[in-house]
$ cat run.cif   # mmCIF, C-alpha atoms and all ligand atoms
data_upload
loop_
_atom_site.label_atom_id
_atom_site.label_comp_id
_atom_site.auth_asym_id
_atom_site.auth_seq_id
_atom_site.Cartn_x
_atom_site.Cartn_y
_atom_site.Cartn_z
CA MET F 111 0.00 0.00 0.00
CA SER F 112 1.52 3.35 -1.06
CA ARG F 113 1.50 6.44 1.15
CA PRO F 114 -1.42 8.83 0.54
CA PHE F 115 -0.49 11.77 -1.68
CA ARG F 116 -1.94 15.22 -1.96
CA LEU F 117 -1.44 15.41 -5.71
CA ALA F 118 -1.43 18.56 -7.83
CA VAL F 119 -2.02 18.66 -11.59
CA ASN F 120 -1.58 21.52 -14.06
CA THR F 121 -1.80 22.15 -17.80
CA GLY F 122 0.78 24.46 -19.40
CA GLY F 123 1.55 25.87 -22.87
CA GLY F 124 -0.93 25.97 -25.76
CA ASP F 125 -4.02 23.82 -25.20
CA ALA F 126 -4.41 20.56 -27.11
CA PRO F 127 -7.39 18.22 -27.54
CA GLY F 128 -7.08 15.50 -24.88
CA LEU F 129 -6.03 17.66 -21.91
CA ASN F 130 -9.34 17.07 -20.11
CA ALA F 131 -9.09 13.32 -20.68
CA VAL F 132 -5.64 13.30 -19.01
CA ILE F 133 -6.99 15.32 -16.08
CA ARG F 134 -9.90 12.90 -15.67
CA ALA F 135 -7.60 9.86 -15.74
CA VAL F 136 -5.24 11.47 -13.20
CA VAL F 137 -8.09 12.39 -10.86
CA LEU F 138 -9.94 9.06 -10.98
CA SER F 139 -6.78 6.99 -10.73
CA ALA F 140 -5.57 9.03 -7.72
CA LEU F 141 -8.99 9.07 -5.97
CA ASN F 142 -9.25 5.31 -6.45
CA ARG F 143 -6.05 5.03 -4.40
CA GLY F 144 -7.57 7.16 -1.64
CA TRP F 145 -5.46 10.23 -2.53
CA GLU F 146 -6.49 13.86 -2.68
CA VAL F 147 -6.16 15.86 -5.94
CA VAL F 148 -6.02 19.60 -6.57
CA GLY F 149 -5.81 21.40 -9.90
CA ILE F 150 -3.54 24.42 -10.37
CA ARG F 151 -5.13 27.04 -12.58
CA ARG F 152 -3.33 28.55 -15.61
CA GLY F 153 -0.08 26.56 -15.58
CA TYR F 154 2.02 27.56 -12.57
CA GLU F 155 0.38 30.96 -12.11
CA GLY F 156 -2.32 29.56 -9.79
CA LEU F 157 0.28 28.44 -7.26
CA TRP F 158 1.15 31.95 -6.20
CA LYS F 159 -2.26 33.53 -6.76
CA GLY F 160 -4.96 33.16 -4.09
CA ASP F 161 -7.67 31.81 -6.45
CA GLY F 162 -5.34 29.33 -8.12
CA LEU F 163 -5.96 25.94 -6.50
CA ILE F 164 -9.16 23.94 -6.97
CA PRO F 165 -10.01 20.62 -5.32
CA LEU F 166 -10.79 17.98 -7.96
CA ASP F 167 -13.31 15.26 -7.11
CA ARG F 168 -15.26 12.79 -9.22
CA GLY F 169 -17.90 15.41 -10.00
CA SER F 170 -15.30 17.88 -11.33
CA VAL F 171 -14.13 15.43 -13.99
CA ARG F 172 -17.43 13.80 -14.92
CA GLY F 173 -18.22 13.97 -18.65
CA ILE F 174 -15.06 15.81 -19.73
CA THR F 175 -13.14 13.11 -21.66
CA HIS F 176 -14.54 14.26 -24.98
CA LEU F 177 -14.19 18.01 -24.37
CA GLY F 178 -11.50 20.21 -25.93
CA GLY F 179 -9.64 22.90 -23.96
CA THR F 180 -8.76 22.37 -20.29
CA ILE F 181 -10.90 22.78 -17.19
CA LEU F 182 -7.80 24.16 -15.43
CA GLY F 183 -6.97 26.88 -17.95
CA THR F 184 -3.48 27.26 -19.37
CA THR F 185 -0.96 29.84 -20.54
CA ASN F 186 2.00 29.90 -22.88
CA ARG F 187 3.19 33.23 -21.50
CA GLY F 188 5.15 33.85 -18.31
CA ASN F 189 7.78 31.17 -17.70
CA PRO F 190 8.26 31.19 -13.86
CA LEU F 191 12.00 30.66 -14.36
CA ARG F 192 12.27 33.67 -16.69
CA TRP F 193 9.52 35.91 -15.33
CA PRO F 194 9.48 39.33 -17.02
CA ARG F 195 9.72 42.26 -14.57
CA THR F 196 9.41 45.86 -15.75
CA LEU F 197 12.05 48.20 -14.37
CA ALA F 198 11.69 51.91 -13.54
CA ASP F 199 13.22 52.94 -16.91
CA GLY F 200 10.59 50.86 -18.80
CA SER F 201 12.98 48.05 -19.75
CA THR F 202 12.36 44.44 -18.65
CA GLU F 203 14.55 41.95 -16.87
CA GLU F 204 13.98 38.24 -16.28
CA VAL F 205 13.66 36.92 -12.73
CA ASP F 206 13.61 33.35 -11.47
CA ARG F 207 10.44 32.88 -9.41
CA SER F 208 11.04 29.18 -8.72
CA PRO F 209 11.94 29.62 -4.99
CA GLU F 210 8.60 31.39 -4.46
CA LEU F 211 6.78 28.72 -6.45
CA ILE F 212 8.38 25.81 -4.58
CA ALA F 213 7.62 27.53 -1.24
CA ALA F 214 3.94 27.90 -2.30
CA PHE F 215 3.86 24.21 -3.28
CA HIS F 216 4.97 23.19 0.23
CA LYS F 217 2.78 25.80 1.93
CA HIS F 218 -0.27 24.20 0.30
CA GLY F 219 0.79 20.77 1.62
CA LEU F 220 1.30 19.29 -1.87
CA ASP F 221 3.33 16.07 -2.22
CA ALA F 222 3.69 15.71 -5.98
CA LEU F 223 2.87 17.45 -9.25
CA ILE F 224 1.75 16.01 -12.58
CA ALA F 225 2.67 18.62 -15.20
CA ILE F 226 0.90 18.21 -18.55
CA GLY F 227 2.69 20.23 -21.21
CA GLY F 228 4.71 20.57 -24.40
CA ASP F 229 8.45 21.15 -24.75
CA GLY F 230 8.38 24.57 -23.02
CA SER F 231 6.27 23.47 -20.03
CA LEU F 232 8.15 20.19 -19.65
CA ARG F 233 11.48 22.05 -19.71
CA ILE F 234 10.14 24.15 -16.83
CA ALA F 235 9.01 20.95 -15.06
CA SER F 236 12.45 19.41 -15.55
CA GLU F 237 14.19 22.47 -14.09
CA LEU F 238 11.77 22.55 -11.15
CA HIS F 239 12.53 18.88 -10.53
CA ALA F 240 16.26 19.71 -10.51
CA ARG F 241 15.44 22.31 -7.82
CA GLY F 242 13.69 19.67 -5.67
CA LEU F 243 10.05 19.61 -6.85
CA PRO F 244 8.61 16.04 -7.07
CA VAL F 245 7.18 16.15 -10.60
CA VAL F 246 6.05 13.73 -13.33
CA GLY F 247 5.46 15.00 -16.90
CA VAL F 248 2.81 14.14 -19.51
CA PRO F 249 3.63 15.07 -23.15
CA LYS F 250 1.04 17.24 -24.86
CA THR F 251 1.17 19.18 -28.11
CA ILE F 252 -0.57 19.24 -31.44
CA ASP F 253 2.90 19.83 -32.95
CA ASN F 254 4.10 16.25 -32.13
CA ASP F 255 7.64 17.59 -31.74
CA LEU F 256 8.77 15.81 -28.55
CA ALA F 257 11.59 13.37 -29.31
CA ALA F 258 11.10 10.98 -26.39
CA THR F 259 7.61 9.82 -27.37
CA ARG F 260 6.38 8.36 -30.65
CA VAL F 261 3.40 10.65 -30.50
CA THR F 262 1.92 13.36 -28.27
CA PHE F 263 -1.80 13.59 -27.60
CA GLY F 264 -3.55 16.33 -29.58
CA PHE F 265 -1.60 15.66 -32.78
CA HIS F 266 -4.04 13.10 -34.18
CA THR F 267 -7.00 15.48 -33.67
CA ALA F 268 -5.15 18.42 -35.25
CA VAL F 269 -4.31 16.31 -38.31
CA GLN F 270 -7.95 15.22 -38.60
CA THR F 271 -9.18 18.84 -38.36
CA ALA F 272 -6.62 20.01 -40.92
CA SER F 273 -7.31 17.24 -43.41
CA ASP F 274 -11.08 17.85 -43.09
CA ALA F 275 -10.41 21.51 -43.94
CA ILE F 276 -8.25 20.57 -46.93
CA ASP F 277 -11.03 18.24 -48.18
CA LYS F 278 -13.37 21.25 -48.23
CA LEU F 279 -10.84 23.38 -50.12
CA HIS F 280 -10.74 20.96 -53.06
CA SER F 281 -14.24 21.80 -54.28
CA THR F 282 -13.83 25.58 -54.16
CA ALA F 283 -10.33 25.43 -55.68
CA LYS F 284 -11.68 23.24 -58.50
CA ALA F 285 -14.75 25.42 -59.10
CA HIS F 286 -12.55 28.52 -59.60
CA SER F 287 -9.49 26.80 -61.14
CA ARG F 288 -7.42 28.32 -58.36
CA VAL F 289 -4.44 27.46 -56.25
CA MET F 290 -5.35 27.44 -52.55
CA VAL F 291 -2.47 27.82 -50.09
CA VAL F 292 -3.30 26.66 -46.56
CA GLU F 293 -1.01 27.40 -43.61
CA LEU F 294 -0.95 24.86 -40.77
CA MET F 295 0.59 25.04 -37.30
CA GLY F 296 3.60 23.09 -36.04
CA ARG F 297 6.20 25.68 -35.02
CA HIS F 298 9.69 24.33 -35.89
CA THR F 299 8.42 21.04 -37.34
CA GLY F 300 6.23 19.93 -40.23
CA TRP F 301 4.37 16.95 -38.75
CA ILE F 302 0.84 18.39 -39.04
CA ALA F 303 1.44 19.75 -42.57
CA LEU F 304 2.98 16.50 -43.81
CA TYR F 305 0.31 14.20 -42.38
CA ALA F 306 -2.68 16.42 -43.20
CA GLY F 307 -1.28 17.36 -46.63
CA LEU F 308 -0.77 13.72 -47.55
CA ALA F 309 -4.16 12.63 -46.19
CA GLY F 310 -5.82 15.62 -47.90
CA SER F 311 -4.21 15.04 -51.35
CA ALA F 312 -2.23 18.29 -51.54
CA SER F 313 -0.07 18.84 -54.63
CA THR F 314 2.68 20.59 -52.69
CA ILE F 315 3.72 20.39 -49.04
CA LEU F 316 6.28 22.81 -47.61
CA ILE F 317 7.81 21.89 -44.23
CA PRO F 318 10.66 23.32 -42.13
CA GLU F 319 12.71 20.14 -42.51
CA ILE F 320 12.89 20.58 -46.34
CA PRO F 321 13.80 24.16 -47.38
CA PHE F 322 11.98 25.07 -50.57
CA GLU F 323 12.72 27.03 -53.77
CA ILE F 324 9.70 29.12 -54.71
CA ASP F 325 10.54 29.05 -58.44
CA ARG F 326 10.46 25.28 -58.36
CA VAL F 327 7.16 25.30 -56.49
CA CYS F 328 5.66 27.59 -59.16
CA GLU F 329 7.00 25.53 -62.04
CA ARG F 330 5.42 22.35 -60.66
CA LEU F 331 2.13 24.10 -59.96
CA ARG F 332 1.91 25.51 -63.46
CA ALA F 333 2.23 21.99 -64.85
CA GLU F 334 -0.26 20.66 -62.30
CA VAL F 335 -2.89 23.25 -63.19
CA ASP F 336 -2.30 23.16 -66.98
CA ASP F 337 -1.92 19.40 -67.50
CA GLY F 338 -3.68 18.02 -64.42
CA PRO F 339 -6.95 18.68 -62.59
CA GLY F 340 -6.87 22.43 -63.28
CA TYR F 341 -6.43 23.48 -59.65
CA ALA F 342 -4.06 22.74 -56.78
CA ILE F 343 -3.84 22.69 -53.01
CA VAL F 344 -0.57 23.81 -51.40
CA VAL F 345 -0.06 23.03 -47.70
CA VAL F 346 2.57 25.08 -45.88
CA ALA F 347 3.77 24.46 -42.34
CA GLU F 348 3.95 27.83 -40.56
CA GLY F 349 7.68 27.30 -39.82
CA ALA F 350 8.78 26.36 -43.38
CA ALA F 351 11.43 28.56 -45.00
CA PRO F 352 12.97 29.05 -48.43
CA LYS F 353 16.48 27.69 -49.08
CA GLY F 354 18.94 30.09 -47.45
CA GLY F 355 16.06 32.16 -45.97
CA ASP F 356 14.35 32.58 -42.61
CA PRO F 357 10.94 31.44 -41.42
CA SER F 358 8.14 33.99 -41.29
CA ILE F 359 7.97 35.31 -37.70
CA ILE F 360 5.34 37.87 -36.61
CA GLU F 361 6.46 38.19 -32.98
CA PRO F 362 10.03 37.48 -31.90
CA GLU F 363 10.88 35.58 -28.71
CA ARG F 364 10.50 37.70 -25.59
CA ALA F 365 11.13 37.18 -21.88
CA GLY F 366 9.10 34.17 -20.79
CA SER F 367 7.42 33.48 -24.15
CA SER F 368 8.48 32.01 -27.46
CA SER F 369 8.32 33.49 -30.95
CA ARG F 370 5.11 33.42 -33.05
CA TYR F 371 5.03 32.27 -36.64
CA GLY F 372 2.71 33.68 -39.28
CA GLY F 373 2.44 35.13 -42.76
CA LEU F 374 3.95 32.34 -44.85
CA ALA F 375 0.74 31.40 -46.71
CA ASP F 376 0.26 35.00 -47.85
CA ARG F 377 3.85 35.28 -49.02
CA VAL F 378 3.78 31.97 -50.89
CA ALA F 379 0.35 32.70 -52.43
CA GLY F 380 1.53 36.12 -53.62
CA LYS F 381 4.59 34.63 -55.32
CA ILE F 382 2.58 31.85 -56.95
CA GLN F 383 0.05 34.27 -58.43
CA GLU F 384 2.76 36.66 -59.60
CA SER F 385 4.89 33.97 -61.18
CA THR F 386 2.22 31.66 -62.71
CA GLY F 387 -0.63 34.06 -63.33
CA ILE F 388 -2.98 31.52 -61.71
CA GLU F 389 -5.47 33.06 -59.32
CA THR F 390 -4.31 32.07 -55.83
CA ARG F 391 -5.84 32.46 -52.37
CA ALA F 392 -4.29 31.98 -48.93
CA LEU F 393 -5.94 30.58 -45.81
CA VAL F 394 -4.58 30.25 -42.28
CA LEU F 395 -6.30 27.44 -40.38
CA GLY F 396 -4.89 28.73 -37.07
CA HIS F 397 -6.36 27.79 -33.71
CA LEU F 398 -9.12 25.64 -35.22
CA GLN F 399 -6.38 22.99 -35.14
CA ARG F 400 -6.24 23.20 -31.35
CA GLY F 401 -9.98 23.32 -30.71
CA GLY F 402 -12.83 20.85 -30.56
CA GLN F 403 -13.29 17.31 -29.41
CA PRO F 404 -10.29 14.98 -29.29
CA THR F 405 -10.47 11.99 -31.63
CA ALA F 406 -11.00 8.57 -30.04
CA TYR F 407 -7.27 7.89 -30.58
CA ASP F 408 -6.27 11.02 -28.63
CA ARG F 409 -8.78 10.28 -25.85
CA LEU F 410 -7.35 6.80 -25.40
CA LEU F 411 -3.75 8.01 -25.44
CA SER F 412 -4.62 10.75 -22.93
CA LEU F 413 -6.34 8.33 -20.56
CA ARG F 414 -3.38 5.94 -20.77
CA PHE F 415 -0.89 8.77 -20.15
CA GLY F 416 -2.89 10.06 -17.16
CA VAL F 417 -3.08 6.67 -15.48
CA ALA F 418 0.61 5.93 -16.17
CA ALA F 419 1.60 9.31 -14.67
CA VAL F 420 -0.22 8.47 -11.41
CA ASP F 421 1.51 5.05 -11.37
CA LEU F 422 4.87 6.88 -11.57
CA VAL F 423 3.91 9.17 -8.66
CA ASP F 424 2.90 6.07 -6.69
CA GLN F 425 6.36 4.57 -7.33
CA GLU F 426 7.91 7.96 -6.45
CA SER F 427 9.62 7.94 -9.88
CA PHE F 428 9.87 11.72 -10.05
CA GLY F 429 11.72 13.58 -12.81
CA CYS F 430 10.16 11.26 -15.41
CA MET F 431 7.76 11.75 -18.30
CA VAL F 432 5.30 9.18 -19.63
CA ALA F 433 5.89 8.35 -23.29
CA LEU F 434 4.53 6.07 -25.99
CA ASP F 435 7.19 3.61 -27.10
CA LEU F 436 5.92 1.28 -29.84
CA ASP F 437 2.53 0.48 -28.33
CA GLU F 438 3.43 0.60 -24.64
CA VAL F 439 3.38 3.62 -22.34
CA ARG F 440 6.71 3.84 -20.51
CA ALA F 441 8.68 6.30 -18.39
CA VAL F 442 11.57 8.35 -19.79
CA PRO F 443 13.74 10.83 -17.87
CA LEU F 444 12.24 14.33 -18.14
CA GLN F 445 15.61 15.91 -18.79
CA LYS F 446 16.24 13.61 -21.76
CA ALA F 447 12.69 14.18 -23.03
CA VAL F 448 13.26 17.92 -23.48
CA GLU F 449 16.80 17.70 -24.91
CA ASP F 450 15.81 17.42 -28.57
CA LEU F 451 12.94 18.32 -30.80
CA LYS F 452 11.51 15.54 -32.94
CA ARG F 453 11.71 16.65 -36.55
CA VAL F 454 10.18 14.95 -39.58
CA PRO F 455 12.77 12.45 -40.92
CA VAL F 456 13.29 13.64 -44.49
CA ASP F 457 14.28 10.15 -45.62
CA GLY F 458 11.47 8.45 -43.65
CA ASP F 459 8.69 6.45 -45.23
CA VAL F 460 5.99 9.14 -44.92
CA VAL F 461 8.00 11.66 -46.95
CA ARG F 462 8.94 8.86 -49.35
CA THR F 463 5.28 7.87 -49.74
CA ALA F 464 4.39 11.47 -50.55
CA ARG F 465 7.19 11.77 -53.11
CA ARG F 466 6.23 8.49 -54.80
CA LEU F 467 2.67 9.83 -55.12
CA GLY F 468 4.04 12.88 -56.93
CA ILE F 469 3.69 15.40 -54.09
CA ASP F 470 6.20 18.22 -54.42
CA PHE F 471 8.24 19.52 -51.46
CA GLY F 472 9.68 22.41 -53.43
CA ASP F 473 13.29 21.11 -53.14
O1 LIG J 1 2.62 24.73 -29.89
C1 LIG J 1 1.28 24.73 -30.28
C2 LIG J 1 0.98 25.90 -31.18
O2 LIG J 1 -0.37 25.78 -31.59
C3 LIG J 1 1.89 26.04 -32.39
O3 LIG J 1 1.62 25.13 -33.43
C4 LIG J 1 1.68 27.48 -32.75
O4 LIG J 1 2.80 28.02 -33.42
C5 LIG J 1 1.53 28.14 -31.40
O5 LIG J 1 1.13 27.12 -30.50
C6 LIG J 1 0.53 29.27 -31.39
O6 LIG J 1 0.53 29.85 -30.13
P1 LIG J 1 -0.52 30.96 -29.65
O7 LIG J 1 -1.70 30.22 -29.09
O8 LIG J 1 0.23 31.72 -28.61
O9 LIG J 1 -0.90 31.77 -30.85
#

$ encode --input "run.cif" --output "structure tokens" --more "lines below"
Ligand code: F6P
Amino acid sequence: MSRPFRLAVNTGGGDAPGLNAVIRAVVLSALNRGWEVVGIRRGYEGLWKGDGLIPLDRGSVRGITHLGGTILGTTNRGNPLRWPRTLADGSTEEVDRSPELIAAFHKHGLDALIAIGGDGSLRIASELHARGLPVVGVPKTIDNDLAATRVTFGFHTAVQTASDAIDKLHSTAKAHSRVMVVELMGRHTGWIALYAGLAGSASTILIPEIPFEIDRVCERLRAEVDDGPGYAIVVVAEGAAPKGGDPSIIEPERAGSSSRYGGLADRVAGKIQESTGIETRALVLGHLQRGGQPTAYDRLLSLRFGVAAVDLVDQESFGCMVALDLDEVRAVPLQKAVEDLKRVPVDGDVVRTARRLGIDFGD
């Protein structure tokens, strides 16, 4: 029989479909052991704000497995280890608020934390663990860019949403004999664009892992429209960049928050229209990819991750993250999990499949 824990759970970074399913699995699995569970609102913020802790019982997690978003709220601004503070002269400096945060954790009588997050939030969790916080991580992100797990929850739903959107673009592109350029999320990696573009029968897919040449893209599209179906769908990952060029950033990295991508679809669409003369429109799918109900696959993965995370707390295996390895959920060291980003393997079978089908990567 394990010791009873007062367990805290939080959700950090951008939301992803499946967060509520993880929370439900954590809560039920902990309550079934006779433990107590509290949720921290808005990432770590709730720990040092009066209104920030909420007791979680069976009623709080009833009927939430299929819901998008997170009942705890989240934030991808304000890293507690690099907290922005405005000085008298208007400039900002970064301060480490971890001592305050760890003190609040103990003051509230908490024994362990399950941190559900992407690379940024899990890096924070790993550093807090190094400073003595008993923490277990759960990998979340629609971007699927965490190297230590085969897949993160949220990715499958985002791909489904994006490929559904691409399906709808085919009819309007065909009706007008246009090129439609659709920009998908993914930050530094092209997982969503590659999977949704392939599933949605795009002609061209541009991803950060394969720098593109716009003249080549235009040449292929001209042939596609003239000799093929008379229209084309181009999928661009927001972080893709031309050979020798930079990605399209609309907000550079600032204290406590990472850079924001945007604008690539417009740029690519403008070049295509100018160079080919084919009427071209751009569309940014944006946060629709993060919203809505998780697919059954993501719900299952989330429930498995949540239960496995509580098992790790029970074994006092802190400083670990749950991960999917082949078809088993296992523990990996948190520090290792945040060392590298998982990029699309350019010689992997998914890219090869796309190339064999005639999809152009602009290289
Ligand atoms: O990491 C998830 C993600 O949706 C990225 O794909 C995207 O670049 C970013 O978050 C958008 O963040 P925000 O919600 O701050 O616009």

$ atom_distance --input "run.cif" --atom1 "CA of Trp145 (chain F)" --atom2 "CA of Ala433 (chain F)"
23.7 Å

$ atom_distance --input "run.cif" --atom1 "CA of Val394 (chain F)" --atom2 "CA of Leu411 (chain F)"
27.9 Å

$ closest_residue --input "run.cif" --among "F:Pro249, F:Gly162, F:Gly153, F:Gly227" --to "Asn189 (chain F)" --atoms "only C-alpha atoms"
F:Gly153

$ residues_near_point --input "run.cif" --point "(-1.2, 16.9, -5.5)" --cutoff "12 Å" --atoms "all atoms listed in the file" --output "number ranges by chain"
F: 114-120, 136-137, 140-141, 145-150, 157, 163-166, 215-216, 218-225, 243-246, 420, 423-424

$ closest_atom_pairs --input "run.cif" --of "region 410-436 of chain F" --to "region 254-278 of chain F" --cutoff "10 Å" --atoms "all atoms listed in the file" --output "Markdown table"
| residue | atom | partner | partner_atom | distance |
| --- | --- | --- | --- | --- |
| F:Leu410 | CA | F:Phe263 | CA | 9.0 |
| F:Leu411 | CA | F:Phe263 | CA | 6.3 |
| F:Ser412 | CA | F:Phe263 | CA | 6.2 |
| F:Leu413 | CA | F:Phe263 | CA | 9.9 |
| F:Phe415 | CA | F:Phe263 | CA | 8.9 |
| F:Met431 | CA | F:Ala258 | CA | 8.8 |
| F:Val432 | CA | F:Thr259 | CA | 8.1 |
| F:Ala433 | CA | F:Thr259 | CA | 4.7 |
| F:Leu434 | CA | F:Thr259 | CA | 5.0 |
| F:Asp435 | CA | F:Arg260 | CA | 6.0 |
| F:Leu436 | CA | F:Arg260 | CA | 7.1 |

$ residues_near_point --input "run.cif" --point "(-4.7, 23.1, -51.9)" --cutoff "7 Å" --atoms "all atoms listed in the file" --output "list in words"
Ile276, Leu279, His280, Val289, Met290, Val291, Val292, Ala312, Ser313, Ala342, Ile343, Val344 and Val345 of chain F

$ closest_residue --input "run.cif" --among "F:Gly372, F:Gly340, F:Gly472, F:Gly228" --to "Lys284 (chain F)" --atoms "all atoms listed in the file"
F:Gly340

$ residues_near_ligand --input "run.cif" --ligand "ligand LIG 1 (chain J)" --cutoff "9 Å" --atoms "only C-alpha atoms and all ligand atoms" --output "PDB file with C-alpha atoms, in the coordinates of the input"
ATOM      1  CA  GLY F 123       1.550  25.870 -22.870  1.00  0.00           C
ATOM      2  CA  GLY F 124      -0.930  25.970 -25.760  1.00  0.00           C
ATOM      3  CA  ASP F 125      -4.020  23.820 -25.200  1.00  0.00           C
ATOM      4  CA  ALA F 126      -4.410  20.560 -27.110  1.00  0.00           C
ATOM      5  CA  THR F 185      -0.960  29.840 -20.540  1.00  0.00           C
ATOM      6  CA  ASN F 186       2.000  29.900 -22.880  1.00  0.00           C
ATOM      7  CA  ARG F 187       3.190  33.230 -21.500  1.00  0.00           C
ATOM      8  CA  GLY F 228       4.710  20.570 -24.400  1.00  0.00           C
ATOM      9  CA  ASP F 229       8.450  21.150 -24.750  1.00  0.00           C
ATOM     10  CA  GLY F 230       8.380  24.570 -23.020  1.00  0.00           C
ATOM     11  CA  THR F 251       1.170  19.180 -28.110  1.00  0.00           C
ATOM     12  CA  ILE F 252      -0.570  19.240 -31.440  1.00  0.00           C
ATOM     13  CA  ASP F 253       2.900  19.830 -32.950  1.00  0.00           C
ATOM     14  CA  ASN F 254       4.100  16.250 -32.130  1.00  0.00           C
ATOM     15  CA  ASP F 255       7.640  17.590 -31.740  1.00  0.00           C
ATOM     16  CA  LEU F 294      -0.950  24.860 -40.770  1.00  0.00           C
ATOM     17  CA  MET F 295       0.590  25.040 -37.300  1.00  0.00           C
ATOM     18  CA  GLY F 296       3.600  23.090 -36.040  1.00  0.00           C
ATOM     19  CA  ARG F 297       6.200  25.680 -35.020  1.00  0.00           C
ATOM     20  CA  HIS F 298       9.690  24.330 -35.890  1.00  0.00           C
ATOM     21  CA  THR F 299       8.420  21.040 -37.340  1.00  0.00           C
ATOM     22  CA  ILE F 302       0.840  18.390 -39.040  1.00  0.00           C
ATOM     23  CA  GLU F 348       3.950  27.830 -40.560  1.00  0.00           C
ATOM     24  CA  GLY F 349       7.680  27.300 -39.820  1.00  0.00           C
ATOM     25  CA  SER F 367       7.420  33.480 -24.150  1.00  0.00           C
ATOM     26  CA  SER F 368       8.480  32.010 -27.460  1.00  0.00           C
ATOM     27  CA  SER F 369       8.320  33.490 -30.950  1.00  0.00           C
ATOM     28  CA  ARG F 370       5.110  33.420 -33.050  1.00  0.00           C
ATOM     29  CA  TYR F 371       5.030  32.270 -36.640  1.00  0.00           C
ATOM     30  CA  GLY F 372       2.710  33.680 -39.280  1.00  0.00           C
ATOM     31  CA  GLY F 396      -4.890  28.730 -37.070  1.00  0.00           C
ATOM     32  CA  HIS F 397      -6.360  27.790 -33.710  1.00  0.00           C
ATOM     33  CA  GLN F 399      -6.380  22.990 -35.140  1.00  0.00           C
ATOM     34  CA  ARG F 400      -6.240  23.200 -31.350  1.00  0.00           C
TER      35      ARG F 400
END

$ closest_residue --input "run.cif" --among "F:Asp408, F:Asp470, F:Asp356, F:Glu384" --to "His176 (chain F)" --atoms "only C-alpha atoms"
F:Asp408

$ residues_around --input "run.cif" --residues "Arg462 (chain F)" --least-positions-apart "6" --cutoff "12 Å" --atoms "all atoms listed in the file" --output "PyMOL selection string"
chain F and resi 304+308+454-456+468-471

$ atom_distance --input "run.cif" --atom1 "CA of Ile388 (chain F)" --atom2 "CA of Ala333 (chain F)"
11.3 Å

$ closest_residue --input "run.cif" --among "F:Val335, F:Ala375, F:Leu316, F:Ala418" --to "Glu438 (chain F)" --atoms "only C-alpha atoms"
F:Ala418

$ closest_residue --input "run.cif" --among "F:Leu138, F:Leu191, F:Ser170, F:Arg143" --to "Val417 (chain F)" --atoms "only C-alpha atoms"
F:Leu138

$ closest_residue --input "run.cif" --among "F:Leu211, F:Ile234, F:Val378, F:Val461" --to "Cys328 (chain F)" --atoms "only C-alpha atoms"
F:Val378

$ residues_around --input "run.cif" --residues "Glu204 (chain F)" --least-positions-apart "5" --cutoff "7 Å" --atoms "only C-alpha atoms" --output "PyMOL selection string"
chain F and resi 192-195+365

$ residues_around --input "run.cif" --residues "Asn130 (chain F)" --least-positions-apart "4" --cutoff "6 Å" --atoms "all atoms listed in the file" --output "short mmCIF file (atom, residue, chain, number, x, y, z; two decimals) with C-alpha atoms, in the frame of the given file"
data_model
loop_
_atom_site.label_atom_id
_atom_site.label_comp_id
_atom_site.auth_asym_id
_atom_site.auth_seq_id
_atom_site.Cartn_x
_atom_site.Cartn_y
_atom_site.Cartn_z
CA ILE F 174 -15.06 15.81 -19.73
CA THR F 175 -13.14 13.11 -21.66
CA THR F 180 -8.76 22.37 -20.29
#

$ build_atoms --input "run.cif" --residues "region 179-188 of chain F" --atoms "N, CA and C atoms" --output "JSON list (two decimals), in the frame of the given file"
[["chain", "number", "residue", "atom", "x", "y", "z"],
["F", 179, "GLY", "N", -10.05, 21.91, -24.96],
["F", 179, "GLY", "CA", -9.64, 22.90, -23.96],
["F", 179, "GLY", "C", -9.15, 22.22, -22.69],
["F", 180, "THR", "N", -9.17, 22.94, -21.58],
["F", 180, "THR", "CA", -8.76, 22.37, -20.29],
["F", 180, "THR", "C", -9.55, 23.01, -19.17],
["F", 181, "ILE", "N", -10.10, 22.22, -18.29],
["F", 181, "ILE", "CA", -10.90, 22.78, -17.19],
["F", 181, "ILE", "C", -10.02, 23.59, -16.23],
["F", 182, "LEU", "N", -8.70, 23.44, -16.34],
["F", 182, "LEU", "CA", -7.80, 24.16, -15.43],
["F", 182, "LEU", "C", -7.31, 25.49, -16.01],
["F", 183, "GLY", "N", -7.54, 25.70, -17.30],
["F", 183, "GLY", "CA", -6.97, 26.88, -17.95],
["F", 183, "GLY", "C", -5.48, 26.65, -18.18],
["F", 184, "THR", "N", -4.90, 27.43, -19.07],
["F", 184, "THR", "CA", -3.48, 27.26, -19.37],
["F", 184, "THR", "C", -2.90, 28.59, -19.84],
["F", 185, "THR", "N", -1.60, 28.64, -19.98],
["F", 185, "THR", "CA", -0.96, 29.84, -20.54],
["F", 185, "THR", "C", 0.35, 29.44, -21.20],
["F", 186, "ASN", "N", 0.66, 30.11, -22.31],
["F", 186, "ASN", "CA", 2.00, 29.90, -22.88],
["F", 186, "ASN", "C", 2.82, 31.19, -22.77],
["F", 187, "ARG", "N", 2.44, 32.00, -21.80],
["F", 187, "ARG", "CA", 3.19, 33.23, -21.50],
["F", 187, "ARG", "C", 3.64, 33.15, -20.04],
["F", 188, "GLY", "N", 4.76, 33.75, -19.71],
["F", 188, "GLY", "CA", 5.15, 33.85, -18.31],
["F", 188, "GLY", "C", 5.79, 32.59, -17.75]]
